[in-house]
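For reference, coords.cif (mmCIF, C-alpha atoms (C1' of nucleotides)):
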```cif
data_upload
loop_
_atom_site.label_atom_id
_atom_site.label_comp_id
_atom_site.auth_asym_id
_atom_site.auth_seq_id
_atom_site.Cartn_x
_atom_site.Cartn_y
_atom_site.Cartn_z
CA MET A 1 -15.77 -2.50 13.61
CA ARG A 2 -12.23 -2.28 12.29
CA GLU A 3 -9.15 -3.69 13.90
CA PRO A 4 -7.72 -0.50 15.48
CA THR A 5 -11.03 0.31 17.18
CA PHE A 6 -11.35 -3.28 18.34
CA PHE A 7 -7.95 -3.09 20.00
CA VAL A 8 -8.75 0.21 21.68
CA LEU A 9 -11.74 -1.45 23.35
CA ALA A 10 -9.81 -4.63 24.10
CA SER A 11 -7.04 -2.60 25.67
CA LEU A 12 -9.47 -0.68 27.87
CA ALA A 13 -11.14 -3.94 28.92
CA ASP A 14 -7.99 -4.39 31.00
CA GLY A 15 -8.81 -1.24 32.97
CA ARG A 16 -8.38 2.53 32.97
CA LYS A 17 -5.65 3.73 30.62
CA HIS A 18 -4.38 6.91 28.96
CA GLY A 19 -3.94 7.32 25.20
CA TYR A 20 -0.30 6.50 24.89
CA GLY A 21 -0.75 3.61 27.32
CA ILE A 22 -3.39 2.15 25.02
CA ILE A 23 -0.95 2.23 22.11
CA LYS A 24 1.67 0.31 24.09
CA ASP A 25 -0.83 -2.14 25.51
CA ALA A 26 -2.46 -2.88 22.16
CA GLU A 27 0.98 -3.57 20.73
CA GLU A 28 1.68 -6.08 23.48
CA LEU A 29 -1.79 -7.62 23.33
CA SER A 30 -1.37 -8.24 19.61
CA ASP A 31 2.18 -9.62 19.89
CA GLY A 32 3.50 -6.51 18.15
CA ARG A 33 1.19 -6.85 15.14
CA ILE A 34 -0.82 -3.70 15.88
CA HIS A 35 0.78 -0.31 16.17
CA LEU A 36 -2.04 2.19 16.61
CA LYS A 37 -1.35 5.49 14.88
CA VAL A 38 -1.89 8.49 17.10
CA GLY A 39 -4.38 10.01 14.68
CA THR A 40 -6.38 6.80 14.58
CA LEU A 41 -6.32 6.41 18.35
CA TYR A 42 -7.59 9.83 19.40
CA ALA A 43 -10.16 9.91 16.59
CA ALA A 44 -11.37 6.49 17.77
CA LEU A 45 -11.49 7.59 21.40
CA ASP A 46 -13.54 10.69 20.50
CA ARG A 47 -15.91 8.57 18.45
CA LEU A 48 -16.22 5.84 21.09
CA GLN A 49 -16.95 8.45 23.73
CA SER A 50 -19.71 9.98 21.64
CA GLU A 51 -21.13 6.46 21.21
CA GLY A 52 -20.97 5.88 24.96
CA LEU A 53 -18.62 2.89 24.73
CA VAL A 54 -15.79 4.72 26.45
CA VAL A 55 -15.73 7.52 29.03
CA ALA A 56 -13.07 10.05 29.99
CA ALA A 57 -11.68 9.00 33.35
CA GLY A 58 -9.70 12.03 34.47
CA ASP A 59 -6.76 14.05 33.23
CA GLU A 60 -3.49 13.88 35.11
CA VAL A 61 -0.15 15.59 34.74
CA VAL A 62 2.67 13.10 35.24
CA ALA A 63 6.28 14.24 34.87
CA GLY A 64 5.13 17.48 33.24
CA ARG A 65 3.10 15.67 30.58
CA LEU A 66 -0.65 15.59 30.30
CA ARG A 67 -2.30 12.21 30.46
CA ARG A 68 -5.90 11.81 29.37
CA TYR A 69 -7.39 8.71 30.95
CA PHE A 70 -10.23 6.63 29.54
CA GLU A 71 -12.23 3.64 30.63
CA LEU A 72 -14.70 1.19 29.14
CA THR A 73 -18.39 1.54 29.89
CA GLU A 74 -20.66 -1.47 30.37
CA ASP A 75 -21.95 -0.71 26.88
CA GLY A 76 -18.39 -0.75 25.61
CA ALA A 77 -17.74 -4.09 27.26
CA SER A 78 -20.83 -5.72 25.79
CA THR A 79 -20.12 -4.24 22.36
CA LEU A 80 -16.63 -5.71 22.49
CA GLN A 81 -18.09 -9.01 23.60
CA ALA A 82 -20.52 -9.07 20.68
CA GLU A 83 -17.79 -8.08 18.25
CA SER A 84 -15.48 -10.74 19.58
CA GLU A 85 -18.13 -13.44 19.22
CA ARG A 86 -18.95 -12.29 15.71
CA GLN A 87 -15.32 -12.51 14.66
CA ALA A 88 -14.83 -15.90 16.24
CA LEU A 89 -17.88 -17.20 14.39
CA ASN A 90 -16.78 -15.70 11.06
CA ALA A 91 -13.36 -17.26 11.50
CA ARG A 92 -14.90 -20.65 12.25
CA ARG A 93 -17.14 -20.49 9.18
CA ALA A 94 -14.26 -19.52 6.90
CA ASN A 95 -12.12 -22.24 8.36
CA ASP A 96 -14.74 -24.92 7.73
CA ARG A 97 -14.85 -23.94 4.09
CA LEU A 98 -11.07 -23.81 3.76
CA LYS A 99 -10.82 -27.32 5.17
CA LYS A 100 -13.33 -28.65 2.67
CA ARG A 101 -11.53 -26.79 -0.09
CA ALA A 102 -8.18 -28.28 0.94
CA ALA A 103 -9.75 -31.74 0.73
CA ARG A 104 -11.05 -30.94 -2.76
CA VAL A 105 -7.79 -29.57 -4.18
CA ALA A 106 -5.85 -32.46 -2.66
CA LEU A 107 -8.10 -34.85 -4.54
CA LYS A 108 -7.98 -33.14 -7.93
CA PRO A 109 -4.44 -34.06 -9.08
CA VAL A 110 -5.16 -37.71 -8.30
CA ILE A 111 -8.19 -37.70 -10.59
CA ALA A 112 -6.28 -35.87 -13.32
CA ARG A 113 -3.63 -38.57 -13.50
CA MET B 114 -9.56 -6.78 5.75
CA ARG B 115 -13.14 -5.70 6.26
CA GLU B 116 -16.12 -7.94 6.72
CA PRO B 117 -17.66 -7.71 3.20
CA THR B 118 -14.34 -8.59 1.55
CA PHE B 119 -13.82 -11.41 4.03
CA PHE B 120 -17.18 -12.88 3.09
CA VAL B 121 -16.49 -12.60 -0.63
CA LEU B 122 -13.39 -14.76 -0.13
CA ALA B 123 -15.15 -17.11 2.27
CA SER B 124 -17.96 -17.56 -0.20
CA LEU B 125 -15.58 -18.36 -3.04
CA ALA B 126 -13.73 -20.84 -0.81
CA ASP B 127 -16.78 -23.01 -1.40
CA GLY B 128 -16.07 -23.07 -5.12
CA ARG B 129 -16.68 -21.18 -8.35
CA LYS B 130 -19.51 -18.66 -8.12
CA HIS B 131 -20.99 -15.67 -9.96
CA GLY B 132 -21.62 -12.24 -8.40
CA TYR B 133 -25.23 -12.65 -7.42
CA GLY B 134 -24.49 -16.16 -6.19
CA ILE B 135 -21.84 -14.74 -3.86
CA ILE B 136 -24.36 -12.31 -2.38
CA LYS B 137 -26.85 -15.12 -1.66
CA ASP B 138 -24.20 -17.47 -0.35
CA ALA B 139 -22.62 -14.88 1.95
CA GLU B 140 -26.07 -14.18 3.35
CA GLU B 141 -26.59 -17.85 4.12
CA LEU B 142 -23.06 -18.36 5.43
CA SER B 143 -23.53 -15.50 7.90
CA ASP B 144 -27.01 -16.62 9.01
CA GLY B 145 -28.50 -13.59 7.28
CA ARG B 146 -26.28 -11.07 9.03
CA ILE B 147 -24.39 -10.02 5.90
CA HIS B 148 -26.11 -8.60 2.88
CA LEU B 149 -23.40 -7.57 0.42
CA LYS B 150 -24.28 -4.42 -1.52
CA VAL B 151 -23.78 -4.74 -5.25
CA GLY B 152 -21.44 -1.75 -5.33
CA THR B 153 -19.32 -3.27 -2.59
CA LEU B 154 -19.28 -6.68 -4.23
CA TYR B 155 -18.17 -5.73 -7.73
CA ALA B 156 -15.65 -3.22 -6.39
CA ALA B 157 -14.27 -5.94 -4.11
CA LEU B 158 -14.12 -8.49 -6.94
CA ASP B 159 -12.20 -6.03 -9.15
CA ARG B 160 -9.80 -5.26 -6.34
CA LEU B 161 -9.32 -8.90 -5.35
CA GLN B 162 -8.64 -9.81 -8.98
CA SER B 163 -6.00 -7.10 -9.29
CA GLU B 164 -4.44 -8.47 -6.09
CA GLY B 165 -4.47 -12.00 -7.51
CA LEU B 166 -6.69 -13.41 -4.76
CA VAL B 167 -9.56 -14.10 -7.14
CA VAL B 168 -9.69 -14.90 -10.87
CA ALA B 169 -12.42 -14.62 -13.46
CA ALA B 170 -13.65 -18.13 -14.23
CA GLY B 171 -15.76 -17.74 -17.34
CA ASP B 172 -18.88 -15.89 -18.43
CA GLU B 173 -22.06 -17.83 -19.08
CA VAL B 174 -25.54 -16.92 -20.23
CA VAL B 175 -28.15 -18.74 -18.16
CA ALA B 176 -31.87 -18.14 -18.84
CA GLY B 177 -31.07 -15.08 -20.91
CA ARG B 178 -28.99 -13.48 -18.16
CA LEU B 179 -25.24 -13.00 -18.11
CA ARG B 180 -23.31 -14.64 -15.31
CA ARG B 181 -19.72 -13.69 -14.57
CA TYR B 182 -18.03 -16.44 -12.63
CA PHE B 183 -15.12 -16.08 -10.21
CA GLU B 184 -12.95 -18.44 -8.23
CA LEU B 185 -10.42 -18.27 -5.43
CA THR B 186 -6.72 -18.57 -6.23
CA GLU B 187 -4.29 -20.38 -3.93
CA ASP B 188 -3.14 -16.93 -2.84
CA GLY B 189 -6.72 -16.05 -2.06
CA ALA B 190 -7.17 -19.20 -0.01
CA SER B 191 -4.04 -18.61 2.05
CA THR B 192 -4.92 -14.94 2.55
CA LEU B 193 -8.34 -15.97 3.84
CA GLN B 194 -6.69 -18.57 6.05
CA ALA B 195 -4.35 -15.97 7.55
CA GLU B 196 -7.19 -13.51 8.04
CA SER B 197 -9.32 -16.13 9.68
CA GLU B 198 -6.57 -17.10 12.11
CA ARG B 199 -5.89 -13.47 12.93
CA GLN B 200 -9.53 -12.85 13.74
CA ALA B 201 -9.83 -15.97 15.84
CA LEU B 202 -6.76 -14.92 17.83
CA ASN B 203 -8.01 -11.35 18.31
CA ALA B 204 -11.35 -12.68 19.50
CA ARG B 205 -9.64 -15.01 21.98
CA ARG B 206 -7.49 -12.19 23.35
CA ALA B 207 -10.46 -9.87 23.77
CA ASN B 208 -12.43 -12.62 25.43
CA ASP B 209 -9.69 -13.32 27.97
CA ARG B 210 -9.74 -9.69 29.01
CA LEU B 211 -13.52 -9.53 29.17
CA LYS B 212 -13.56 -12.54 31.47
CA LYS B 213 -11.04 -10.93 33.81
CA ARG B 214 -13.02 -7.72 33.67
CA ALA B 215 -16.25 -9.53 34.53
CA ALA B 216 -14.52 -11.05 37.55
CA ARG B 217 -13.38 -7.58 38.64
CA VAL B 218 -16.74 -5.85 38.28
CA ALA B 219 -18.50 -8.74 40.01
CA LEU B 220 -16.19 -8.22 42.99
CA LYS B 221 -16.53 -4.45 43.28
CA PRO B 222 -20.09 -4.18 44.70
CA VAL B 223 -19.16 -6.68 47.41
CA ILE B 224 -16.24 -4.53 48.54
CA ALA B 225 -18.37 -1.38 48.38
CA ARG B 226 -20.88 -2.81 50.84
"C1'" DT C 227 24.47 17.57 23.58
"C1'" DG C 228 21.57 15.14 21.12
"C1'" DT C 229 18.72 11.16 20.71
"C1'" DA C 230 15.05 8.16 22.30
"C1'" DA C 231 10.85 7.71 24.75
"C1'" DT C 232 6.73 9.77 26.46
"C1'" DA C 233 2.21 12.28 25.49
"C1'" DG C 234 -0.93 14.77 22.93
"C1'" DT C 235 -2.83 17.69 18.74
"C1'" DA C 236 -3.82 18.56 13.86
"C1'" DC C 237 -4.81 17.57 9.17
"C1'" DG C 238 -4.66 16.08 4.23
"C1'" DA C 239 -4.84 11.73 1.65
"C1'" DT C 240 -6.50 7.14 0.87
"C1'" DA C 241 -9.46 3.18 0.60
"C1'" DG C 242 -13.46 0.34 1.34
"C1'" DT C 243 -18.19 0.52 2.01
"C1'" DC C 244 -22.80 2.43 1.43
"C1'" DG C 245 -26.71 3.92 -0.95
"C1'" DA C 246 -28.81 4.92 -4.97
"C1'" DT C 247 -29.73 4.63 -9.83
"C1'" DA C 248 -29.92 2.21 -14.20
"C1'" DT C 249 -30.77 -1.68 -17.37
"C1'" DA C 250 -32.77 -6.15 -18.59
"C1'" DT C 251 -34.95 -10.72 -18.28
"C1'" DA C 252 -37.64 -14.46 -15.79
"C1'" DT C 253 -40.99 -15.92 -12.55
"C1'" DT C 254 -44.90 -15.69 -9.55
"C1'" DG C 255 -49.22 -13.91 -7.97
"C1'" DT C 256 -53.81 -11.61 -8.50
"C1'" DA D 257 -52.92 -8.81 -18.42
"C1'" DC D 258 -50.41 -6.45 -15.12
"C1'" DA D 259 -47.67 -5.82 -11.05
"C1'" DA D 260 -44.34 -7.32 -8.06
"C1'" DT D 261 -40.39 -9.92 -7.01
"C1'" DA D 262 -36.09 -12.31 -8.11
"C1'" DT D 263 -32.07 -12.65 -10.93
"C1'" DA D 264 -27.84 -10.30 -12.71
"C1'" DT D 265 -24.53 -6.76 -13.64
"C1'" DA D 266 -22.69 -1.73 -13.95
"C1'" DT D 267 -21.59 2.76 -12.16
"C1'" DC D 268 -20.88 6.66 -9.22
"C1'" DG D 269 -20.94 10.15 -5.55
"C1'" DA D 270 -20.74 10.40 -0.48
"C1'" DC D 271 -19.10 9.00 3.83
"C1'" DT D 272 -15.91 7.63 7.35
"C1'" DA D 273 -12.14 5.16 9.65
"C1'" DT D 274 -7.61 4.76 9.09
"C1'" DC D 275 -3.05 6.17 7.51
"C1'" DG D 276 0.81 9.01 7.35
"C1'" DT D 277 3.11 12.72 8.62
"C1'" DA D 278 4.35 16.87 10.93
"C1'" DC D 279 4.34 19.50 15.11
"C1'" DT D 280 4.92 20.79 20.20
"C1'" DA D 281 6.96 19.70 24.63
"C1'" DT D 282 9.14 17.27 28.57
"C1'" DT D 283 12.10 13.70 30.65
"C1'" DA D 284 15.78 10.21 30.63
"C1'" DC D 285 19.95 8.51 29.19
"C1'" DA D 286 24.36 7.96 26.86
#
```
Show me, as structure tokens, the structure contained in the file I just sent.
Amino acid sequence: MREPTFFVLASLADGRKHGYGIIKDAEELSDGRIHLKVGTLYAALDRLQSEGLVVAAGDEVVAGRLRRYFELTEDGASTLQAESERQALNARRANDRLKKRAARVALKPVIAR
Amino acid sequence: MREPTFFVLASLADGRKHGYGIIKDAEELSDGRIHLKVGTLYAALDRLQSEGLVVAAGDEVVAGRLRRYFELTEDGASTLQAESERQALNARRANDRLKKRAARVALKPVIAR
DNA sequence: TGTAATAGTACGATAGTCGATATATATTGT
DNA sequence: ACAATATATATCGACTATCGTACTATTACA
């Protein structure tokens, strides 16, 4: 799963939201790092719905504008959970290696002298 | 950065390796979850070289077979570091939300009674 | 009055991965 | 002796998520 999709699910884990709301929320959740493109978002929502990870949760018209609401399914929540654990583990593994590497490269110049 | 590329860097963080060695190492590092496809690997190595994250580190012939070795640059190491931190943070954020969500859905049936 | 923010739709381009095919040698099993 | 598996790299078309941009439309604010 790629980062934009991950943030769509993570955003919806907070509760029912509409498309534009997801964009704003994901931006906040990622400290401004992620700005979901509209094309990416609605494509992702369509795909996630067809996969059963997200369901449409009513259309509303607020201030003359259509809002399409979505919410996470239990499947969506457990998929996000699994994805989150996978990423945390990958990060830990990479970090272990980087630490060992740092120890190695710190040693090298001393030997070379 | 996508998972296969991440594992190419993580594998090389361990030290100098050749293509096939990276595939085997990534498999081990990920507890068998990741099996890098050859197409993906060599495309990734070319790309990472052109980005300066990886450098060619000598060709050798071992037991009649050519081995093309690669190693991580300092840029590659810090890119992997940044990527690893990003993923760990994303995972933490998603997890926080999932915990809150679990608390919410655990409450709902009680109210409904 | 026009600019920013809100909200959604549409679509071509790009990039990374997948899956398959090819080539070649070494090792292991029957 | 022969087949299967492991080692090792190269290449290429297909797929798909994302990007980037343009478009429509309303409301709020300066």
For chain D against chain B, which residues fall within 8 Å using only C-alpha atoms (C1' of nucleotides), given as a list in words?
->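 Output check: DT263, DA264 and DT265 of chain D.
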Answer key for the PyMOL selection byres ((chain C) within 12 of (chain A)), residues as a list in words =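 Applying the PyMOL selection byres ((chain C) within 12 of (chain A)) to the structure shown produces DA231, DT232, DA233, DG234, DT235, DA236, DC237 and DG242 of chain C.
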Excluding D:DC271 and residues on its chain fewer than 6 positions from it, collect all residues at most 12 Å away from it, counting all atoms listed in the file, and give them as a list in words.
-> DA241, DG242, DT243, DC244 and DG245 of chain C
Dump C-alpha atoms (C1' of nucleotides) for the selected residues as a PDB file, in the frame of the given file?
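selection-v9.pdb, written as the output of this step:
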```pdb
ATOM      1  C1'  DA C 241      -9.460   3.180   0.600  1.00  0.00           C
ATOM      2  C1'  DG C 242     -13.460   0.340   1.340  1.00  0.00           C
ATOM      3  C1'  DT C 243     -18.190   0.520   2.010  1.00  0.00           C
ATOM      4  C1'  DC C 244     -22.800   2.430   1.430  1.00  0.00           C
ATOM      5  C1'  DG C 245     -26.710   3.920  -0.950  1.00  0.00           C
TER       6       DG C 245
END
```
Could you please tell me, as a ChimeraX atom specification, which residues of chain B have an atom within 12 Å of chain A when using all atoms listed in the file?
-> /B:114-117,119-129,139,141-144,146-147,184-187,189-218
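A straight-line distance of 9.2 Å separates atom CA of A:Thr5 from atom CA of A:Leu36.
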For stretch 182-214 of chain B, which lacks atoms in the input, supply N, CA and C atoms and format the output as a short mmCIF file (atom, residue, chain, number, x, y, z; two decimals), in the coordinates of the input.
```cif
data_model
loop_
_atom_site.label_atom_id
_atom_site.label_comp_id
_atom_site.auth_asym_id
_atom_site.auth_seq_id
_atom_site.Cartn_x
_atom_site.Cartn_y
_atom_site.Cartn_z
N TYR B 182 -18.51 -15.57 -13.71
CA TYR B 182 -18.03 -16.44 -12.63
C TYR B 182 -16.64 -16.05 -12.14
N PHE B 183 -16.40 -16.37 -10.87
CA PHE B 183 -15.12 -16.08 -10.21
C PHE B 183 -14.71 -17.29 -9.38
N GLU B 184 -13.40 -17.42 -9.19
CA GLU B 184 -12.95 -18.44 -8.23
C GLU B 184 -11.73 -17.96 -7.45
N LEU B 185 -11.52 -18.61 -6.32
CA LEU B 185 -10.42 -18.27 -5.43
C LEU B 185 -9.11 -18.82 -5.99
N THR B 186 -8.04 -18.04 -5.88
CA THR B 186 -6.72 -18.57 -6.23
C THR B 186 -6.11 -19.18 -4.95
N GLU B 187 -4.98 -19.84 -5.11
CA GLU B 187 -4.29 -20.38 -3.93
C GLU B 187 -3.88 -19.24 -3.00
N ASP B 188 -3.46 -18.14 -3.61
CA ASP B 188 -3.14 -16.93 -2.84
C ASP B 188 -4.35 -16.44 -2.06
N GLY B 189 -5.48 -16.47 -2.71
CA GLY B 189 -6.72 -16.05 -2.06
C GLY B 189 -7.07 -16.94 -0.89
N ALA B 190 -6.87 -18.23 -1.08
CA ALA B 190 -7.17 -19.20 -0.01
C ALA B 190 -6.25 -18.99 1.18
N SER B 191 -4.96 -18.76 0.92
CA SER B 191 -4.04 -18.61 2.05
C SER B 191 -4.21 -17.25 2.73
N THR B 192 -4.62 -16.24 1.96
CA THR B 192 -4.92 -14.94 2.55
C THR B 192 -6.13 -15.05 3.48
N LEU B 193 -7.15 -15.77 3.03
CA LEU B 193 -8.34 -15.97 3.84
C LEU B 193 -8.00 -16.76 5.10
N GLN B 194 -7.16 -17.76 4.92
CA GLN B 194 -6.69 -18.57 6.05
C GLN B 194 -6.01 -17.69 7.12
N ALA B 195 -5.09 -16.85 6.65
CA ALA B 195 -4.35 -15.97 7.55
C ALA B 195 -5.29 -15.00 8.25
N GLU B 196 -6.22 -14.46 7.50
CA GLU B 196 -7.19 -13.51 8.04
C GLU B 196 -8.08 -14.17 9.08
N SER B 197 -8.47 -15.37 8.78
CA SER B 197 -9.32 -16.13 9.68
C SER B 197 -8.61 -16.42 11.01
N GLU B 198 -7.36 -16.81 10.91
CA GLU B 198 -6.57 -17.10 12.11
C GLU B 198 -6.36 -15.84 12.96
N ARG B 199 -6.10 -14.75 12.26
CA ARG B 199 -5.89 -13.47 12.93
C ARG B 199 -7.14 -13.08 13.72
N GLN B 200 -8.28 -13.22 13.08
CA GLN B 200 -9.53 -12.85 13.74
C GLN B 200 -9.85 -13.76 14.92
N ALA B 201 -9.57 -15.03 14.75
CA ALA B 201 -9.83 -15.97 15.84
C ALA B 201 -8.95 -15.62 17.04
N LEU B 202 -7.70 -15.28 16.76
CA LEU B 202 -6.76 -14.92 17.83
C LEU B 202 -7.18 -13.63 18.52
N ASN B 203 -7.54 -12.62 17.74
CA ASN B 203 -8.01 -11.35 18.31
C ASN B 203 -9.21 -11.58 19.21
N ALA B 204 -10.13 -12.40 18.74
CA ALA B 204 -11.35 -12.68 19.50
C ALA B 204 -11.00 -13.36 20.82
N ARG B 205 -10.06 -14.29 20.77
CA ARG B 205 -9.64 -15.01 21.98
C ARG B 205 -9.01 -14.04 22.99
N ARG B 206 -8.16 -13.16 22.48
CA ARG B 206 -7.49 -12.19 23.35
C ARG B 206 -8.50 -11.26 24.03
N ALA B 207 -9.44 -10.77 23.24
CA ALA B 207 -10.46 -9.87 23.77
C ALA B 207 -11.30 -10.58 24.82
N ASN B 208 -11.61 -11.83 24.53
CA ASN B 208 -12.43 -12.62 25.43
C ASN B 208 -11.76 -12.86 26.78
N ASP B 209 -10.47 -13.14 26.74
CA ASP B 209 -9.69 -13.32 27.97
C ASP B 209 -9.82 -12.08 28.87
N ARG B 210 -9.68 -10.94 28.26
CA ARG B 210 -9.74 -9.69 29.01
C ARG B 210 -11.13 -9.43 29.55
N LEU B 211 -12.13 -9.74 28.74
CA LEU B 211 -13.52 -9.53 29.17
C LEU B 211 -13.86 -10.43 30.35
N LYS B 212 -13.32 -11.62 30.35
CA LYS B 212 -13.56 -12.54 31.47
C LYS B 212 -12.95 -11.99 32.75
N LYS B 213 -11.72 -11.52 32.64
CA LYS B 213 -11.04 -10.93 33.81
C LYS B 213 -11.79 -9.71 34.31
N ARG B 214 -12.27 -8.92 33.33
CA ARG B 214 -13.02 -7.72 33.67
C ARG B 214 -14.32 -8.08 34.41
#
```
